[in-house]
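J.: Shown below is the structure under consideration.
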Amino acid sequence: MIDPDKIIGKVIARNESTYRTEDSILYALGLGFGADPTDLDQLRFVYEKDILTLPTMNLVLGYPGFWLKDPQYEVEWQKVLHAEEHLIVHSPLPPAGTMVGETVIDDIVDRGPDKGVFIYTRKEVRAESDGKLFATVYSNSLARGDGGCGGNPQTRPKPAEVPDREPDAVCKLPTIPQQALLYRLCGDMNPLHADPAIANAAGFERPILHGRSTMGVAQHAILKTCCAYDPNRIKSISIRFSAPFLPGETLRTEIWQDGTDIYFRSFAHERNVAVLNNGHVELSN
């Protein structure tokens, strides 16, 4: 079981990522961009001519890997789920370069013996050459098998709430059955997203899509609906993962706009199950 006193404040990893334009293209393909190869707006993210880089690529640069599987942390890793993600963009990413991601354990919040613990981490993405800060990524994982460890009993601030009215827009985007296998090539090799036996042992009918890939598809919906496909307008994006999303399903995103504040939630359309909730995006003017 997790020992909070041993790991709060610990630097999990300091990973360097050298990426090419081809890697930026692979990342966009892993989110489903280019599904219509004649769509010139989507093509800007998957074709090297005048290429644009997606803000959520910061999630995979300097990624610490599935560190919770390391025995030193004493986590029942088979029962870990991604709970929340919050990305703050400080500067647009270039399509190629070398970045360093340093990830620190910020806090452990104990929900009780039968409810698990929340594990909060913070990653800073900086240029290797001069230390320029490009993004800060706050992540929260729910370790369902490690409740009662004695961590901080206080909860974190509640996430944004979507408005109690009909959405201003709805965007449906398809995914492909092999999307999780493609997205794994961006660095998240958690076998939960590839191995049917491990997915079954965790209680899922088949491998699920990475939460960060699902988040990236929702980002696509915001870019398409609210930003005219200009990725540099996104200053921050945060979401709460509420249910697994399966590769091959359609992501239906409901969107509310209040000036530069965008609120959203996303559903597995075929099952009408909310998979992302409490979504918020801050846009530049």
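By convention here, the chains of the structure tokens are called A, B, ... in the order presented, each chain's residues are numbered starting at 1, and ligands are numbered starting at 1 in the order presented.
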Using only C-alpha atoms, which residues of stretch 135-171 of chain A come within 10 Å of stretch 64-74 of chain A, and what is the closest atom pair for each, with the distance in Å to one decimal? Give it as a tab-separated table, sorted by chain and residue number.
T.:
residue	atom	partner	partner_atom	distance
A:Ser141	CA	A:Leu68	CA	9.6
A:Ala143	CA	A:Leu68	CA	9.2
A:Asp146	CA	A:Glu74	CA	9.0
J.: With DSSP run on the backbone, what are the strand (DSSP E or B) residues within stretch 10-231 of chain A? I'd like them as a count of residues only.
T.: 62
J.: Which residues are close to A:Gly97, i.e. within 10 Å by only C-alpha atoms, leaving aside same-chain residues fewer than 3 positions away? Reply as a compact mmCIF listing (two decimals) with N, CA and C atoms, in the first residue's frame.
T.:
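As written to disk, around_4.txt reads:
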# COMPACT_ATOMS: atom_id res chain seq x y z
N SER A 17 12.47 14.54 -24.15
CA SER A 17 11.80 14.08 -25.37
C SER A 17 12.30 14.90 -26.55
N THR A 18 12.99 14.23 -27.45
CA THR A 18 13.33 14.85 -28.73
C THR A 18 12.33 14.34 -29.75
N TYR A 19 11.58 15.26 -30.34
CA TYR A 19 10.53 14.85 -31.27
C TYR A 19 10.70 15.55 -32.61
N ARG A 20 10.24 14.86 -33.64
CA ARG A 20 10.32 15.35 -35.01
C ARG A 20 8.95 15.82 -35.48
N THR A 21 8.92 16.45 -36.63
CA THR A 21 7.64 16.80 -37.23
C THR A 21 6.79 15.54 -37.42
N LEU A 93 3.71 25.02 -28.83
CA LEU A 93 4.81 24.11 -29.10
C LEU A 93 5.28 24.24 -30.55
N PRO A 94 6.59 24.18 -30.78
CA PRO A 94 7.07 24.06 -32.15
C PRO A 94 6.80 22.64 -32.65
N ALA A 127 11.80 23.71 -22.54
CA ALA A 127 12.78 23.51 -23.61
C ALA A 127 14.10 23.08 -23.00
N GLU A 128 14.71 22.08 -23.60
CA GLU A 128 15.99 21.59 -23.11
C GLU A 128 17.08 22.64 -23.27
N SER A 129 16.97 23.47 -24.31
CA SER A 129 18.04 24.41 -24.63
C SER A 129 18.15 25.57 -23.64
J.: Which of these, A:Gly211, A:Pro95, A:Gly216, A:Gly145, has the shortest distance to A:Ala243 once you count only C-alpha atoms?
T.: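 Of the candidates, the smallest distance to A:Ala243 is held by A:Gly211.
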J.: For atom CA of A:Pro157 and atom CA of A:Ile237, quote the distance in Å rounded to one decimal.
T.: 16.0 Å
J.: Using atom CA of A:Glu161 and atom CA of A:Glu254 as the two end points, give the distance in Å to one decimal.
T.: 12.8 Å
J.: Using only C-alpha atoms, can you tell me which of A:Ile105, A:Ala83, A:Ala274, A:Val281 comes closest to A:Arg212?
T.: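 The closest residue to A:Arg212 is A:Ala83.
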J.: Report, in Å to a single decimal, how far apart atom CA of A:Tyr63 and atom CA of A:Ile119 are.
T.: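 So the answer is 16.1 Å.
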J.: Please determine, counting only C-alpha atoms, which residue among A:Gly279, A:Pro4, A:Pro92, A:Gly187 has the shortest atom-to-atom distance to A:Ser238.
T.: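 Of A:Gly279, A:Pro4, A:Pro92, A:Gly187, the one nearest A:Ser238, counting only C-alpha atoms, is A:Gly279.
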J.: So which one's closest to A:Leu54, A:Leu185, A:Val75, A:Leu246, A:Ile222? Using only C-alpha atoms, please.
T.: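 Ranking A:Leu185, A:Val75, A:Leu246, A:Ile222 by distance to A:Leu54, first place goes to A:Ile222.
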J.: If we count only C-alpha atoms, what is near stretch 165-171 of chain A at a cut-off of 9 Å, once residues fewer than 5 positions away on the same chain are taken out, given as a PyMOL selection string?
T.: chain A and resi 218+221-222+224-225+251-257+264
J.: Would you export the selected residues with N, CA and C atoms as a PDB file, in the first residue's frame, please?
T.:
ATOM      1  N   ALA A 218     -11.860  15.363 -27.631  1.00  0.00           N
ATOM      2  CA  ALA A 218     -12.709  16.472 -27.180  1.00  0.00           C
ATOM      3  C   ALA A 218     -12.069  17.809 -27.527  1.00  0.00           C
ATOM      4  N   ALA A 221     -12.985  18.675 -30.909  1.00  0.00           N
ATOM      5  CA  ALA A 221     -14.337  19.231 -30.990  1.00  0.00           C
ATOM      6  C   ALA A 221     -14.346  20.723 -30.670  1.00  0.00           C
ATOM      7  N   ILE A 222     -13.553  21.128 -29.675  1.00  0.00           N
ATOM      8  CA  ILE A 222     -13.478  22.554 -29.305  1.00  0.00           C
ATOM      9  C   ILE A 222     -12.800  23.354 -30.411  1.00  0.00           C
ATOM     10  N   LYS A 224     -12.672  22.668 -33.566  1.00  0.00           N
ATOM     11  CA  LYS A 224     -13.556  22.719 -34.722  1.00  0.00           C
ATOM     12  C   LYS A 224     -14.727  23.675 -34.503  1.00  0.00           C
ATOM     13  N   THR A 225     -15.309  23.632 -33.304  1.00  0.00           N
ATOM     14  CA  THR A 225     -16.548  24.350 -33.035  1.00  0.00           C
ATOM     15  C   THR A 225     -16.324  25.793 -32.614  1.00  0.00           C
ATOM     16  N   LEU A 251     -17.385  10.025 -30.279  1.00  0.00           N
ATOM     17  CA  LEU A 251     -17.393  10.933 -29.135  1.00  0.00           C
ATOM     18  C   LEU A 251     -18.302  12.109 -29.462  1.00  0.00           C
ATOM     19  N   ARG A 252     -19.358  12.252 -28.675  1.00  0.00           N
ATOM     20  CA  ARG A 252     -20.305  13.362 -28.837  1.00  0.00           C
ATOM     21  C   ARG A 252     -20.044  14.390 -27.746  1.00  0.00           C
ATOM     22  N   THR A 253     -19.627  15.581 -28.142  1.00  0.00           N
ATOM     23  CA  THR A 253     -19.253  16.615 -27.186  1.00  0.00           C
ATOM     24  C   THR A 253     -20.279  17.736 -27.188  1.00  0.00           C
ATOM     25  N   GLU A 254     -20.835  17.988 -26.006  1.00  0.00           N
ATOM     26  CA  GLU A 254     -21.774  19.097 -25.820  1.00  0.00           C
ATOM     27  C   GLU A 254     -20.986  20.306 -25.329  1.00  0.00           C
ATOM     28  N   ILE A 255     -21.244  21.462 -25.924  1.00  0.00           N
ATOM     29  CA  ILE A 255     -20.396  22.641 -25.712  1.00  0.00           C
ATOM     30  C   ILE A 255     -21.240  23.853 -25.334  1.00  0.00           C
ATOM     31  N   TRP A 256     -20.780  24.566 -24.303  1.00  0.00           N
ATOM     32  CA  TRP A 256     -21.373  25.840 -23.906  1.00  0.00           C
ATOM     33  C   TRP A 256     -20.283  26.906 -23.977  1.00  0.00           C
ATOM     34  N   GLN A 257     -20.588  28.073 -24.512  1.00  0.00           N
ATOM     35  CA  GLN A 257     -19.588  29.133 -24.617  1.00  0.00           C
ATOM     36  C   GLN A 257     -20.067  30.383 -23.903  1.00  0.00           C
ATOM     37  N   PHE A 264     -17.722  21.996 -21.368  1.00  0.00           N
ATOM     38  CA  PHE A 264     -18.105  20.879 -22.222  1.00  0.00           C
ATOM     39  C   PHE A 264     -18.177  19.573 -21.430  1.00  0.00           C
TER      40      PHE A 264
END
J.: Please determine, counting only C-alpha atoms, which residue among A:Glu249, A:Asp164, A:Asp130, A:Asp114 has the shortest atom-to-atom distance to A:Gln178.
T.: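 Of all the options, A:Glu249 lies closest to A:Gln178.
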J.: Which one of A:Tyr229, A:Phe241, A:Phe118, A:Tyr27 sits closest to A:Leu59 if you count only C-alpha atoms?
T.: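 Smallest distance to A:Leu59 is found for A:Tyr27.
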J.: Please identify the alpha helix (DSSP H) residues within stretch 4-129 of chain A (assignment by DSSP from backbone atoms) and present them as a ChimeraX atom specification.
T.: /A:4-7,21-29,40-46
J.: Find the residues near A:Pro191: any atom within 10 Å, counting only C-alpha atoms, skip ones fewer than 6 places away on the same chain, and give them as a compact mmCIF listing (two decimals) with N, CA and C atoms, in the first residue's frame.
T.:
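The new file out.txt reads:
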# COMPACT_ATOMS: atom_id res chain seq x y z
N PHE A 66 4.15 4.68 -17.25
CA PHE A 66 3.22 4.15 -16.25
C PHE A 66 4.01 3.87 -14.97
N GLN A 78 -3.07 -2.48 -11.03
CA GLN A 78 -4.13 -3.01 -11.89
C GLN A 78 -5.47 -2.31 -11.66
N LEU A 181 -4.21 1.46 -29.94
CA LEU A 181 -2.94 0.86 -30.36
C LEU A 181 -2.07 1.90 -31.07
N ARG A 184 -0.76 4.52 -28.39
CA ARG A 184 0.32 3.98 -27.55
C ARG A 184 1.70 4.38 -28.07
N ALA A 197 -6.61 -9.46 -21.86
CA ALA A 197 -6.62 -10.15 -20.57
C ALA A 197 -6.48 -9.16 -19.42
N ILE A 198 -5.59 -8.18 -19.56
CA ILE A 198 -5.40 -7.19 -18.51
C ILE A 198 -6.64 -6.30 -18.40
N ALA A 199 -7.23 -5.95 -19.54
CA ALA A 199 -8.45 -5.15 -19.51
C ALA A 199 -9.58 -5.91 -18.81
N PRO A 207 -9.92 -3.71 -24.18
CA PRO A 207 -9.05 -2.55 -23.93
C PRO A 207 -9.78 -1.24 -24.21
J.: Applying 8 Å and only C-alpha atoms, which residues near A:Phe245 remain after dropping the ones on its own chain fewer than 6 positions away? List them as a PyMOL selection string.
T.: chain A and resi 208-209+211+214+268+275
J.: For stretch 159-261 of chain A against stretch 29-39 of chain A, with a cut-off of 6 Å and counting only C-alpha atoms, what is the closest atom pair and its distance in Å to one decimal for every residue that makes the cut, ordered by chain and number, as a tab-separated table?
T.:
residue	atom	partner	partner_atom	distance
A:Leu182	CA	A:Gly30	CA	5.5
A:Tyr183	CA	A:Gly30	CA	4.4
A:Ser213	CA	A:Leu31	CA	5.8
A:Gly216	CA	A:Leu31	CA	5.9
A:Val217	CA	A:Leu31	CA	5.6
J.: Next, the residues of the selection above should be written as an mmCIF file, in the first residue's frame with C-alpha atoms.
T.:
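Saved as again.cif:
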data_model
loop_
_atom_site.group_PDB
_atom_site.id
_atom_site.type_symbol
_atom_site.label_atom_id
_atom_site.label_comp_id
_atom_site.auth_asym_id
_atom_site.auth_seq_id
_atom_site.Cartn_x
_atom_site.Cartn_y
_atom_site.Cartn_z
ATOM 1 C CA LEU A 182 -1.972 3.866 -32.479
ATOM 2 C CA TYR A 183 -1.980 6.306 -29.564
ATOM 3 C CA SER A 213 -6.534 10.376 -26.184
ATOM 4 C CA GLY A 216 -7.569 15.003 -27.271
ATOM 5 C CA VAL A 217 -10.643 14.089 -29.321
#
